[in-house]
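Asks: File final.cif follows (mmCIF, C-alpha atoms; chains and numbers go by the auth columns):
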```cif
data_entry
#
loop_
_atom_site.group_PDB
_atom_site.id
_atom_site.type_symbol
_atom_site.label_atom_id
_atom_site.label_comp_id
_atom_site.label_asym_id
_atom_site.label_seq_id
_atom_site.Cartn_x
_atom_site.Cartn_y
_atom_site.Cartn_z
_atom_site.B_iso_or_equiv
_atom_site.auth_seq_id
_atom_site.auth_asym_id
ATOM 1 C CA MET A 1 -10.011 15.799 28.442 0.00 1 E
ATOM 2 C CA GLY A 2 -9.162 19.371 27.543 0.00 2 E
ATOM 3 C CA ALA A 3 -11.737 22.122 27.717 0.00 3 E
ATOM 4 C CA ALA A 4 -14.056 22.428 24.735 0.00 4 E
ATOM 5 C CA GLY A 5 -12.772 24.850 22.184 0.00 5 E
ATOM 6 C CA ASP A 6 -9.110 24.957 23.211 0.00 6 E
ATOM 7 C CA GLY A 7 -7.940 22.340 20.721 0.00 7 E
ATOM 8 C CA ASP A 8 -6.544 20.101 23.449 0.00 8 E
ATOM 9 C CA LEU A 9 -6.987 16.388 22.743 0.00 9 E
ATOM 10 C CA THR A 10 -5.797 14.924 26.024 0.00 10 E
ATOM 11 C CA GLY A 11 -7.520 11.618 26.614 0.00 11 E
ATOM 12 C CA ARG A 12 -8.920 11.327 23.095 0.00 12 E
ATOM 13 C CA ARG A 13 -8.420 8.097 21.176 0.00 13 E
ATOM 14 C CA ALA A 14 -7.595 8.475 17.497 0.00 14 E
ATOM 15 C CA LEU A 15 -6.987 6.217 14.506 0.00 15 E
ATOM 16 C CA VAL A 16 -5.037 7.590 11.539 0.00 16 E
ATOM 17 C CA THR A 17 -5.028 5.365 8.455 0.00 17 E
ATOM 18 C CA GLY A 18 -1.884 5.316 6.343 0.00 18 E
ATOM 19 C CA SER A 19 0.070 6.911 9.173 0.00 19 E
ATOM 20 C CA THR A 20 3.642 5.676 8.815 0.00 20 E
ATOM 21 C CA ARG A 21 4.773 8.435 6.444 0.00 21 E
ATOM 22 C CA GLY A 22 3.817 11.727 4.816 0.00 22 E
ATOM 23 C CA ILE A 23 0.667 13.548 5.879 0.00 23 E
ATOM 24 C CA GLY A 24 -0.565 10.606 7.940 0.00 24 E
ATOM 25 C CA LEU A 25 2.604 10.488 10.033 0.00 25 E
ATOM 26 C CA ALA A 26 2.513 14.260 10.561 0.00 26 E
ATOM 27 C CA VAL A 27 -1.115 13.992 11.702 0.00 27 E
ATOM 28 C CA ALA A 28 -0.340 11.140 14.083 0.00 28 E
ATOM 29 C CA GLU A 29 2.554 13.109 15.576 0.00 29 E
ATOM 30 C CA ALA A 30 0.394 16.226 15.954 0.00 30 E
ATOM 31 C CA LEU A 31 -2.410 14.287 17.651 0.00 31 E
ATOM 32 C CA ALA A 32 0.048 12.668 20.060 0.00 32 E
ATOM 33 C CA ALA A 33 1.615 16.048 20.821 0.00 33 E
ATOM 34 C CA ARG A 34 -1.846 17.338 21.797 0.00 34 E
ATOM 35 C CA GLY A 35 -2.323 14.477 24.230 0.00 35 E
ATOM 36 C CA ALA A 36 -4.261 11.943 22.160 0.00 36 E
ATOM 37 C CA ARG A 37 -3.589 8.226 22.169 0.00 37 E
ATOM 38 C CA VAL A 38 -3.054 7.243 18.557 0.00 38 E
ATOM 39 C CA ALA A 39 -3.564 4.009 16.620 0.00 39 E
ATOM 40 C CA ILE A 40 -1.091 3.733 13.738 0.00 40 E
ATOM 41 C CA ASN A 41 -2.026 1.946 10.516 0.00 41 E
ATOM 42 C CA SER A 42 -0.189 0.705 7.432 0.00 42 E
ATOM 43 C CA ARG A 43 -0.039 -2.468 5.373 0.00 43 E
ATOM 44 C CA ASP A 44 3.550 -2.855 6.638 0.00 44 E
ATOM 45 C CA PRO A 45 3.619 -4.198 10.232 0.00 45 E
ATOM 46 C CA ALA A 46 7.297 -3.308 10.631 0.00 46 E
ATOM 47 C CA ALA A 47 6.661 0.317 9.683 0.00 47 E
ATOM 48 C CA VAL A 48 3.740 0.428 12.112 0.00 48 E
ATOM 49 C CA ALA A 49 5.887 -0.910 14.942 0.00 49 E
ATOM 50 C CA GLU A 50 8.591 1.664 14.209 0.00 50 E
ATOM 51 C CA VAL A 51 6.169 4.606 14.424 0.00 51 E
ATOM 52 C CA VAL A 52 4.481 3.239 17.552 0.00 52 E
ATOM 53 C CA ALA A 53 7.873 3.000 19.256 0.00 53 E
ATOM 54 C CA LYS A 54 8.714 6.540 18.143 0.00 54 E
ATOM 55 C CA LEU A 55 5.466 8.051 19.410 0.00 55 E
ATOM 56 C CA GLY A 56 5.232 6.189 22.709 0.00 56 E
ATOM 57 C CA ARG A 57 2.557 7.946 24.806 0.00 57 E
ATOM 58 C CA GLY A 58 0.192 5.015 24.619 0.00 58 E
ATOM 59 C CA ALA A 59 0.324 4.652 20.825 0.00 59 E
ATOM 60 C CA VAL A 60 -0.790 1.297 19.429 0.00 60 E
ATOM 61 C CA GLY A 61 -0.484 -0.431 16.067 0.00 61 E
ATOM 62 C CA VAL A 62 -3.314 -1.705 13.869 0.00 62 E
ATOM 63 C CA PRO A 63 -1.635 -2.906 10.678 0.00 63 E
ATOM 64 C CA GLY A 64 -3.842 -3.976 7.792 0.00 64 E
ATOM 65 C CA ASP A 65 -4.899 -3.353 4.199 0.00 65 E
ATOM 66 C CA LEU A 66 -7.907 -1.052 3.772 0.00 66 E
ATOM 67 C CA GLY A 67 -8.505 -2.000 0.144 0.00 67 E
ATOM 68 C CA SER A 68 -11.438 -4.322 0.922 0.00 68 E
ATOM 69 C CA PRO A 69 -14.477 -3.966 3.206 0.00 69 E
ATOM 70 C CA PRO A 70 -13.347 -6.792 5.544 0.00 70 E
ATOM 71 C CA GLY A 71 -9.841 -5.329 5.759 0.00 71 E
ATOM 72 C CA ALA A 72 -11.103 -1.838 6.547 0.00 72 E
ATOM 73 C CA SER A 73 -13.500 -3.148 9.170 0.00 73 E
ATOM 74 C CA ARG A 74 -10.779 -5.206 10.870 0.00 74 E
ATOM 75 C CA VAL A 75 -8.477 -2.191 11.138 0.00 75 E
ATOM 76 C CA VAL A 76 -11.119 0.199 12.464 0.00 76 E
ATOM 77 C CA GLU A 77 -12.634 -2.320 14.851 0.00 77 E
ATOM 78 C CA GLY A 78 -9.147 -3.124 16.143 0.00 78 E
ATOM 79 C CA ALA A 79 -8.484 0.474 17.184 0.00 79 E
ATOM 80 C CA PRO A 80 -11.269 0.749 19.796 0.00 80 E
ATOM 81 C CA GLN A 81 -10.309 -2.662 21.123 0.00 81 E
ATOM 82 C CA SER A 82 -6.707 -1.495 21.601 0.00 82 E
ATOM 83 C CA LEU A 83 -7.509 2.029 22.783 0.00 83 E
ATOM 84 C CA GLY A 84 -10.708 1.374 24.733 0.00 84 E
ATOM 85 C CA GLY A 85 -12.838 3.356 22.293 0.00 85 E
ATOM 86 C CA LEU A 86 -12.512 5.709 19.343 0.00 86 E
ATOM 87 C CA ASP A 87 -13.061 9.473 19.421 0.00 87 E
ATOM 88 C CA VAL A 88 -11.302 10.539 16.219 0.00 88 E
ATOM 89 C CA LEU A 89 -10.883 8.837 12.851 0.00 89 E
ATOM 90 C CA VAL A 90 -8.609 10.317 10.207 0.00 90 E
ATOM 91 C CA ASN A 91 -9.095 8.723 6.781 0.00 91 E
ATOM 92 C CA ASN A 92 -5.720 9.489 5.254 0.00 92 E
ATOM 93 C CA ALA A 93 -4.648 6.329 3.396 0.00 93 E
ATOM 94 C CA GLY A 94 -4.651 6.807 -0.347 0.00 94 E
ATOM 95 C CA MET A 95 -2.764 6.511 -3.599 0.00 95 E
ATOM 96 C CA ALA A 96 -2.320 8.283 -6.918 0.00 96 E
ATOM 97 C CA MET A 97 -1.878 6.450 -10.210 0.00 97 E
ATOM 98 C CA PRO A 98 -1.166 8.875 -13.068 0.00 98 E
ATOM 99 C CA ALA A 99 -2.085 7.402 -16.447 0.00 99 E
ATOM 100 C CA GLU A 100 -3.574 8.359 -19.763 0.00 100 E
ATOM 101 C CA SER A 101 -7.325 7.917 -19.354 0.00 101 E
ATOM 102 C CA VAL A 102 -7.674 5.942 -22.594 0.00 102 E
ATOM 103 C CA GLU A 103 -5.053 3.501 -21.305 0.00 103 E
ATOM 104 C CA LEU A 104 -6.111 3.230 -17.658 0.00 104 E
ATOM 105 C CA SER A 105 -6.877 -0.407 -16.920 0.00 105 E
ATOM 106 C CA PRO A 106 -10.033 -1.488 -15.090 0.00 106 E
ATOM 107 C CA ALA A 107 -7.811 -2.975 -12.379 0.00 107 E
ATOM 108 C CA ASP A 108 -5.944 0.296 -11.790 0.00 108 E
ATOM 109 C CA TRP A 109 -9.194 2.284 -11.822 0.00 109 E
ATOM 110 C CA GLN A 110 -10.745 -0.071 -9.274 0.00 110 E
ATOM 111 C CA ARG A 111 -7.662 -0.157 -7.058 0.00 111 E
ATOM 112 C CA THR A 112 -7.641 3.640 -6.832 0.00 112 E
ATOM 113 C CA ILE A 113 -11.377 3.899 -6.139 0.00 113 E
ATOM 114 C CA ASP A 114 -11.185 1.103 -3.577 0.00 114 E
ATOM 115 C CA LEU A 115 -8.483 2.792 -1.489 0.00 115 E
ATOM 116 C CA ASP A 116 -9.181 6.496 -2.061 0.00 116 E
ATOM 117 C CA LEU A 117 -12.981 6.417 -1.809 0.00 117 E
ATOM 118 C CA SER A 118 -14.492 3.086 -0.786 0.00 118 E
ATOM 119 C CA ALA A 119 -12.096 2.604 2.125 0.00 119 E
ATOM 120 C CA VAL A 120 -13.059 6.055 3.432 0.00 120 E
ATOM 121 C CA PHE A 121 -16.678 4.931 3.595 0.00 121 E
ATOM 122 C CA TYR A 122 -15.991 1.502 5.077 0.00 122 E
ATOM 123 C CA CYS A 123 -13.675 2.931 7.743 0.00 123 E
ATOM 124 C CA SER A 124 -16.162 5.686 8.567 0.00 124 E
ATOM 125 C CA GLN A 125 -19.001 3.192 8.748 0.00 125 E
ATOM 126 C CA ALA A 126 -17.095 0.954 11.169 0.00 126 E
ATOM 127 C CA ALA A 127 -15.996 3.931 13.295 0.00 127 E
ATOM 128 C CA ALA A 128 -19.504 5.349 13.442 0.00 128 E
ATOM 129 C CA ARG A 129 -20.808 2.160 15.005 0.00 129 E
ATOM 130 C CA ASP A 130 -18.605 2.933 18.010 0.00 130 E
ATOM 131 C CA MET A 131 -19.049 6.718 17.948 0.00 131 E
ATOM 132 C CA LEU A 132 -22.818 6.802 17.484 0.00 132 E
ATOM 133 C CA GLY A 133 -23.232 4.340 20.302 0.00 133 E
ATOM 134 C CA ARG A 134 -21.470 6.763 22.631 0.00 134 E
ATOM 135 C CA GLY A 135 -23.037 9.867 21.075 0.00 135 E
ATOM 136 C CA ALA A 136 -19.777 11.595 20.130 0.00 136 E
ATOM 137 C CA GLY A 137 -16.948 11.490 17.629 0.00 137 E
ATOM 138 C CA SER A 138 -15.092 13.308 14.881 0.00 138 E
ATOM 139 C CA ILE A 139 -14.148 11.957 11.444 0.00 139 E
ATOM 140 C CA VAL A 140 -11.802 13.871 9.158 0.00 140 E
ATOM 141 C CA ASN A 141 -11.227 12.723 5.580 0.00 141 E
ATOM 142 C CA ILE A 142 -8.396 13.635 3.232 0.00 142 E
ATOM 143 C CA SER A 143 -9.666 14.865 -0.122 0.00 143 E
ATOM 144 C CA SER A 144 -7.595 16.935 -2.572 0.00 144 E
ATOM 145 C CA VAL A 145 -7.668 20.121 -4.618 0.00 145 E
ATOM 146 C CA GLN A 146 -8.032 17.742 -7.549 0.00 146 E
ATOM 147 C CA ALA A 147 -11.609 17.194 -6.427 0.00 147 E
ATOM 148 C CA PHE A 148 -12.161 20.808 -7.572 0.00 148 E
ATOM 149 C CA THR A 149 -9.401 21.537 -10.086 0.00 149 E
ATOM 150 C CA PRO A 150 -8.406 18.154 -11.528 0.00 150 E
ATOM 151 C CA LEU A 151 -5.348 17.615 -13.637 0.00 151 E
ATOM 152 C CA ALA A 152 -5.052 15.555 -16.791 0.00 152 E
ATOM 153 C CA ARG A 153 -3.995 11.922 -16.378 0.00 153 E
ATOM 154 C CA ARG A 154 -5.428 11.750 -12.841 0.00 154 E
ATOM 155 C CA VAL A 155 -8.988 10.670 -13.652 0.00 155 E
ATOM 156 C CA ALA A 156 -9.360 7.915 -11.051 0.00 156 E
ATOM 157 C CA TYR A 157 -7.744 9.975 -8.300 0.00 157 E
ATOM 158 C CA ALA A 158 -9.790 13.083 -9.103 0.00 158 E
ATOM 159 C CA ALA A 159 -13.015 11.072 -9.233 0.00 159 E
ATOM 160 C CA ALA A 160 -12.271 9.394 -5.912 0.00 160 E
ATOM 161 C CA LYS A 161 -11.348 12.631 -4.151 0.00 161 E
ATOM 162 C CA ALA A 162 -14.456 14.373 -5.480 0.00 162 E
ATOM 163 C CA GLY A 163 -16.403 11.417 -4.115 0.00 163 E
ATOM 164 C CA VAL A 164 -14.817 11.982 -0.708 0.00 164 E
ATOM 165 C CA VAL A 165 -16.252 15.521 -0.647 0.00 165 E
ATOM 166 C CA GLY A 166 -19.754 14.241 -1.363 0.00 166 E
ATOM 167 C CA LEU A 167 -19.354 11.393 1.104 0.00 167 E
ATOM 168 C CA THR A 168 -18.244 13.833 3.788 0.00 168 E
ATOM 169 C CA ARG A 169 -21.297 16.052 3.340 0.00 169 E
ATOM 170 C CA SER A 170 -23.734 13.151 3.250 0.00 170 E
ATOM 171 C CA LEU A 171 -22.381 11.428 6.358 0.00 171 E
ATOM 172 C CA ALA A 172 -22.203 14.750 8.206 0.00 172 E
ATOM 173 C CA ALA A 173 -25.889 15.341 7.570 0.00 173 E
ATOM 174 C CA GLU A 174 -26.823 11.799 8.583 0.00 174 E
ATOM 175 C CA TRP A 175 -24.709 11.436 11.713 0.00 175 E
ATOM 176 C CA ALA A 176 -25.138 14.887 13.260 0.00 176 E
ATOM 177 C CA PRO A 177 -25.292 15.972 15.986 0.00 177 E
ATOM 178 C CA ALA A 178 -23.385 13.076 17.538 0.00 178 E
ATOM 179 C CA VAL A 179 -20.581 12.677 14.982 0.00 179 E
ATOM 180 C CA ARG A 180 -18.963 15.490 13.031 0.00 180 E
ATOM 181 C CA VAL A 181 -17.591 14.625 9.581 0.00 181 E
ATOM 182 C CA ASN A 182 -15.280 17.009 7.737 0.00 182 E
ATOM 183 C CA ALA A 183 -12.526 16.896 5.138 0.00 183 E
ATOM 184 C CA VAL A 184 -9.253 18.612 4.297 0.00 184 E
ATOM 185 C CA ALA A 185 -8.308 19.188 0.658 0.00 185 E
ATOM 186 C CA PRO A 186 -4.535 19.686 0.375 0.00 186 E
ATOM 187 C CA GLY A 187 -2.721 21.029 -2.623 0.00 187 E
ATOM 188 C CA TYR A 188 0.731 19.701 -3.456 0.00 188 E
ATOM 189 C CA VAL A 189 2.540 18.549 -0.315 0.00 189 E
ATOM 190 C CA GLU A 190 6.193 17.642 0.146 0.00 190 E
ATOM 191 C CA THR A 191 5.682 13.915 0.708 0.00 191 E
ATOM 192 C CA ALA A 192 7.457 10.786 -0.487 0.00 192 E
ATOM 193 C CA MET A 193 4.607 10.167 -2.937 0.00 193 E
ATOM 194 C CA VAL A 194 5.031 13.580 -4.545 0.00 194 E
ATOM 195 C CA ARG A 195 8.819 13.263 -4.551 0.00 195 E
ATOM 196 C CA GLY A 196 8.386 9.993 -6.420 0.00 196 E
ATOM 197 C CA LEU A 197 6.254 11.755 -9.026 0.00 197 E
ATOM 198 C CA VAL A 198 8.903 14.484 -9.329 0.00 198 E
ATOM 199 C CA GLU A 199 11.660 11.896 -9.795 0.00 199 E
ATOM 200 C CA ALA A 200 9.568 10.126 -12.423 0.00 200 E
ATOM 201 C CA GLY A 201 9.174 13.394 -14.317 0.00 201 E
ATOM 202 C CA ARG A 202 5.411 13.519 -13.727 0.00 202 E
ATOM 203 C CA VAL A 203 5.446 16.631 -11.508 0.00 203 E
ATOM 204 C CA ASP A 204 7.485 19.788 -12.122 0.00 204 E
ATOM 205 C CA PRO A 205 8.095 21.402 -8.704 0.00 205 E
ATOM 206 C CA GLU A 206 9.016 24.753 -10.251 0.00 206 E
ATOM 207 C CA ALA A 207 5.781 24.805 -12.239 0.00 207 E
ATOM 208 C CA VAL A 208 3.811 23.919 -9.116 0.00 208 E
ATOM 209 C CA ALA A 209 5.425 26.753 -7.168 0.00 209 E
ATOM 210 C CA LYS A 210 4.772 29.215 -9.973 0.00 210 E
ATOM 211 C CA ARG A 211 1.125 28.111 -10.212 0.00 211 E
ATOM 212 C CA THR A 212 0.575 28.379 -6.425 0.00 212 E
ATOM 213 C CA PRO A 213 0.008 31.881 -4.977 0.00 213 E
ATOM 214 C CA MET A 214 2.037 30.921 -1.886 0.00 214 E
ATOM 215 C CA ARG A 215 4.866 29.989 -4.320 0.00 215 E
ATOM 216 C CA ARG A 216 5.688 26.647 -2.724 0.00 216 E
ATOM 217 C CA MET A 217 4.343 23.242 -1.816 0.00 217 E
ATOM 218 C CA ALA A 218 2.900 22.642 1.641 0.00 218 E
ATOM 219 C CA LYS A 219 4.721 20.846 4.409 0.00 219 E
ATOM 220 C CA PRO A 220 2.951 17.818 5.917 0.00 220 E
ATOM 221 C CA GLU A 221 2.819 19.626 9.267 0.00 221 E
ATOM 222 C CA GLU A 222 0.736 22.417 7.716 0.00 222 E
ATOM 223 C CA ILE A 223 -1.896 19.943 6.574 0.00 223 E
ATOM 224 C CA ALA A 224 -1.820 18.295 9.990 0.00 224 E
ATOM 225 C CA ALA A 225 -2.496 21.631 11.698 0.00 225 E
ATOM 226 C CA ALA A 226 -5.706 22.130 9.703 0.00 226 E
ATOM 227 C CA LEU A 227 -6.799 18.582 10.378 0.00 227 E
ATOM 228 C CA LEU A 228 -6.083 18.968 14.085 0.00 228 E
ATOM 229 C CA PHE A 229 -8.484 21.907 14.209 0.00 229 E
ATOM 230 C CA LEU A 230 -11.300 19.916 12.592 0.00 230 E
ATOM 231 C CA ALA A 231 -10.702 16.928 14.879 0.00 231 E
ATOM 232 C CA SER A 232 -10.814 19.007 18.047 0.00 232 E
ATOM 233 C CA ASP A 233 -13.554 20.749 19.990 0.00 233 E
ATOM 234 C CA ALA A 234 -12.278 24.023 18.552 0.00 234 E
ATOM 235 C CA ALA A 235 -14.398 23.027 15.535 0.00 235 E
ATOM 236 C CA SER A 236 -17.380 21.867 17.607 0.00 236 E
ATOM 237 C CA TYR A 237 -19.905 23.592 15.299 0.00 237 E
ATOM 238 C CA VAL A 238 -18.200 22.620 12.035 0.00 238 E
ATOM 239 C CA THR A 239 -19.468 19.609 10.105 0.00 239 E
ATOM 240 C CA GLY A 240 -19.865 18.703 6.439 0.00 240 E
ATOM 241 C CA GLU A 241 -17.098 21.104 5.412 0.00 241 E
ATOM 242 C CA THR A 242 -14.071 20.619 3.181 0.00 242 E
ATOM 243 C CA LEU A 243 -11.231 22.913 4.229 0.00 243 E
ATOM 244 C CA MET A 244 -8.918 23.875 1.382 0.00 244 E
ATOM 245 C CA VAL A 245 -5.258 23.886 2.437 0.00 245 E
ATOM 246 C CA ASP A 246 -3.747 24.574 -0.951 0.00 246 E
ATOM 247 C CA GLY A 247 -1.684 27.749 -0.739 0.00 247 E
ATOM 248 C CA GLY A 248 -4.303 29.514 -2.861 0.00 248 E
ATOM 249 C CA TRP A 249 -4.235 26.963 -5.704 0.00 249 E
ATOM 250 C CA THR A 250 -8.000 27.001 -6.221 0.00 250 E
ATOM 251 C CA SER A 251 -8.078 30.820 -6.007 0.00 251 E
ATOM 252 C CA TRP A 252 -5.712 31.215 -8.958 0.00 252 E
ATOM 253 C CA ALA A 253 -8.355 32.511 -11.371 0.00 253 E
ATOM 254 C CA ALA A 254 -9.212 35.295 -8.938 0.00 254 E
ATOM 255 C CA ILE A 255 -5.754 36.841 -8.676 0.00 255 E
#
```
Hey, can you dump this file as structure tokens for me?

Replies:
Amino acid sequence: MGAAGDGDLTGRRALVTGSTRGIGLAVAEALAARGARVAINSRDPAAVAEVVAKLGRGAVGVPGDLGSPPGASRVVEGAPQSLGGLDVLVNNAGMAMPAESVELSPADWQRTIDLDLSAVFYCSQAAARDMLGRGAGSIVNISSVQAFTPLARRVAYAAAKAGVVGLTRSLAAEWAPAVRVNAVAPGYVETAMVRGLVEAGRVDPEAVAKRTPMRRMAKPEEIAAALLFLASDAASYVTGETLMVDGGWTSWAAI
């Protein structure tokens, strides 16, 4: 393994949920570039196989749906079996379902909470069983600026991502000093999910750029860089934190 504090991840074993596209793929690529062996996850086995082949370097696939406790447990328990252990878990899988709150169905509310919040807990719980037993590990969750500055018509997503912040702090306090638990809260990122919202007329990219002090959306690689820091020994004394990577979005009122 690399020396503590230098950010090197050689020899580390990492699972990234939802890692066949967008932020998750960028994170998986960044981890592999730093020397980690990476377990790739998606509900689509073919997409998983494609990314594993692209990464090489000892990457493995653990396809599966995280939307239920048994599904999440199977995925996370499969990673240590394939990698020989688990040092890093990145809870990235998620979804957004814009809808008028008065029209949001119970099924759509539950589906969002199940994937964006409950799966984060179930995956963390399963990973911690391996990490706590060895006395070391790092978990990094993906929250959102909408946990702090929510938008209209995003009630389930905002509630789930705010829950991720609280979950992160609680687990960090409980599992220290062996396991560090942190989160990253991105602003708008140039991903397929956001492009879909733009194409559907639900996101105005020009308005987002104007509202963001950095005057643009983030690139997936910029979110991955922040997450890489939290996953590595460079952040060895950081736990329970949520790192905003939002181009100044949440600082808007102060400028």

Asks: Run the PyMOL selection byres ((chain E and resi 37-45) around 8) mentally over the shown coordinates, then write out the matched residues as a PDB file with C-alpha atoms, in the coordinates of the input, using the chain letters and numbers from the document.

Replies:
```pdb
ATOM      1  CA  GLY E  11      -7.520  11.618  26.614  1.00  0.00           C
ATOM      2  CA  ARG E  12      -8.920  11.327  23.095  1.00  0.00           C
ATOM      3  CA  ARG E  13      -8.420   8.097  21.176  1.00  0.00           C
ATOM      4  CA  ALA E  14      -7.595   8.475  17.497  1.00  0.00           C
ATOM      5  CA  LEU E  15      -6.987   6.217  14.506  1.00  0.00           C
ATOM      6  CA  VAL E  16      -5.037   7.590  11.539  1.00  0.00           C
ATOM      7  CA  THR E  17      -5.028   5.365   8.455  1.00  0.00           C
ATOM      8  CA  GLY E  18      -1.884   5.316   6.343  1.00  0.00           C
ATOM      9  CA  SER E  19       0.070   6.911   9.173  1.00  0.00           C
ATOM     10  CA  THR E  20       3.642   5.676   8.815  1.00  0.00           C
ATOM     11  CA  ALA E  28      -0.340  11.140  14.083  1.00  0.00           C
ATOM     12  CA  LEU E  31      -2.410  14.287  17.651  1.00  0.00           C
ATOM     13  CA  ALA E  32       0.048  12.668  20.060  1.00  0.00           C
ATOM     14  CA  GLY E  35      -2.323  14.477  24.230  1.00  0.00           C
ATOM     15  CA  ALA E  36      -4.261  11.943  22.160  1.00  0.00           C
ATOM     16  CA  ALA E  46       7.297  -3.308  10.631  1.00  0.00           C
ATOM     17  CA  ALA E  47       6.661   0.317   9.683  1.00  0.00           C
ATOM     18  CA  VAL E  48       3.740   0.428  12.112  1.00  0.00           C
ATOM     19  CA  ALA E  49       5.887  -0.910  14.942  1.00  0.00           C
ATOM     20  CA  VAL E  51       6.169   4.606  14.424  1.00  0.00           C
ATOM     21  CA  VAL E  52       4.481   3.239  17.552  1.00  0.00           C
ATOM     22  CA  ARG E  57       2.557   7.946  24.806  1.00  0.00           C
ATOM     23  CA  GLY E  58       0.192   5.015  24.619  1.00  0.00           C
ATOM     24  CA  ALA E  59       0.324   4.652  20.825  1.00  0.00           C
ATOM     25  CA  VAL E  60      -0.790   1.297  19.429  1.00  0.00           C
ATOM     26  CA  GLY E  61      -0.484  -0.431  16.067  1.00  0.00           C
ATOM     27  CA  VAL E  62      -3.314  -1.705  13.869  1.00  0.00           C
ATOM     28  CA  PRO E  63      -1.635  -2.906  10.678  1.00  0.00           C
ATOM     29  CA  GLY E  64      -3.842  -3.976   7.792  1.00  0.00           C
ATOM     30  CA  ASP E  65      -4.899  -3.353   4.199  1.00  0.00           C
ATOM     31  CA  VAL E  75      -8.477  -2.191  11.138  1.00  0.00           C
ATOM     32  CA  ALA E  79      -8.484   0.474  17.184  1.00  0.00           C
ATOM     33  CA  LEU E  83      -7.509   2.029  22.783  1.00  0.00           C
TER      34      LEU E  83
END
```

Asks: Which residue out of E:Gly133, E:Pro70, E:Gly248, E:Pro220 has the minimum interatomic distance to E:Thr149 when only C-alpha atoms are used?

Replies: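 Among E:Gly133, E:Pro70, E:Gly248, E:Pro220, it is E:Gly248 that comes nearest to E:Thr149.
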
Asks: Neighbours of stretch 200-211 of chain E within 10 Å (all atoms listed in the file; same-chain residues fewer than 4 positions away dropped), as a VMD selection string?

Replies: chain E and resid 98 153 187 to 188 190 194 to 196 215 to 217 247 to 249 252

Asks: Apply the PyMOL selection byres ((chain E and resi 186) around 6) to the displayed file and report the matching residues as a ChimeraX atom specification.

Replies: /E:144-145,185,187,245-246

Asks: Could you please take those selected residues and save C-alpha atoms as a PDB file, keeping the file's coordinate frame?

Replies:
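Final output, out.pdb:
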```
ATOM      1  CA  SER E 144      -7.595  16.935  -2.572  1.00  0.00           C
ATOM      2  CA  VAL E 145      -7.668  20.121  -4.618  1.00  0.00           C
ATOM      3  CA  ALA E 185      -8.308  19.188   0.658  1.00  0.00           C
ATOM      4  CA  GLY E 187      -2.721  21.029  -2.623  1.00  0.00           C
ATOM      5  CA  VAL E 245      -5.258  23.886   2.437  1.00  0.00           C
ATOM      6  CA  ASP E 246      -3.747  24.574  -0.951  1.00  0.00           C
TER       7      ASP E 246
END
```

Asks: I'd like the contact shell of E:Ala183 - 6 Å cut-off, all atoms listed in the file, skipping same-chain residues fewer than 2 positions apart - returned as a ChimeraX atom specification.

Replies: /E:140-142,242

Asks: Interatomic distance between atom CA of E:Tyr237 and atom CA of E:Val90?

Replies: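 Result for atom CA of E:Tyr237 versus atom CA of E:Val90: 18.2 Å, one decimal.
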
Asks: Report the distance between atom CA of E:Gly85 and atom CA of E:Arg180 in Å, rounded to one decimal place.

Replies: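 Answer for the atom CA of E:Gly85 to atom CA of E:Arg180 separation: 16.4 Å.
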
Asks: Using only C-alpha atoms, can you tell me which of E:Ser251, E:Ala107, E:Val198, E:Asp114 comes closest to E:Thr212?

Replies: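 So, comparing all the options, the nearest one is E:Ser251.
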
Asks: Run the PyMOL selection byres ((chain E and resi 138) around 7) against the file shown and list the residues it catches, as a PyMOL selection string.

Replies: chain E and resi 87-89+137+139-140+179-181+231

Asks: Nearest to E:Ala136: which of E:Asp233, E:Glu221, E:Asp108, E:Asp8 is it, counting all atoms listed in the file?

Replies: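 Of all the options, E:Asp233 lies closest to E:Ala136.
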
Asks: Applying 8 Å and all atoms listed in the file, which residues near E:Ala127 remain after dropping the ones on its own chain fewer than 4 positions away? List them as a PyMOL selection string.

Replies: chain E and resi 76-77+86+89+123+131

Asks: Could you tell me how far atom CA of E:Val155 lies from atom CA of E:Ala96, in Å and to one decimal?

Replies: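 These two atoms are separated by 9.8 Å.
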
Asks: For E:Ala176, which residue out of E:Val27, E:Ala156, E:Leu132, E:Ala234 is the nearest one, using only C-alpha atoms?

Replies: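 Closest to E:Ala176, using only C-alpha atoms: E:Leu132.
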
Asks: Which one is closest to E:Ala93: E:Pro80, E:Glu29, E:Ala226, E:Lys161? Count all atoms listed in the file.

Replies: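 Selected residue with least distance to E:Ala93: E:Lys161.
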
Asks: Given only C-alpha atoms as the basis, pick out the residue of E:Leu151, E:Ala159, E:Ala33, E:Ala218 nearest to E:Thr191.

Replies: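 Among E:Leu151, E:Ala159, E:Ala33, E:Ala218, it is E:Ala218 that comes nearest to E:Thr191.
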
Asks: Counting only C-alpha atoms, which residues come within 7 Å of (-12.3, 14.0, -6.3), with the point read in the file's coordinates, and could you list them as a list in words?

Replies: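 Checked against the point, the hits come out as Ser143, Ser144, Gln146, Ala147, Phe148, Tyr157, Ala158, Ala159, Ala160, Lys161, Ala162, Gly163 and Val164 of chain E.
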
Asks: Filtering to C-alpha atoms, could you give me those residues as a compact mmCIF listing (two decimals), in the frame of the given file?

Replies:
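The resulting again_20.txt:
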```txt
# COMPACT_ATOMS: atom_id res chain seq x y z
CA SER E 143 -9.67 14.86 -0.12
CA SER E 144 -7.60 16.93 -2.57
CA GLN E 146 -8.03 17.74 -7.55
CA ALA E 147 -11.61 17.19 -6.43
CA PHE E 148 -12.16 20.81 -7.57
CA TYR E 157 -7.74 9.98 -8.30
CA ALA E 158 -9.79 13.08 -9.10
CA ALA E 159 -13.02 11.07 -9.23
CA ALA E 160 -12.27 9.39 -5.91
CA LYS E 161 -11.35 12.63 -4.15
CA ALA E 162 -14.46 14.37 -5.48
CA GLY E 163 -16.40 11.42 -4.12
CA VAL E 164 -14.82 11.98 -0.71
```
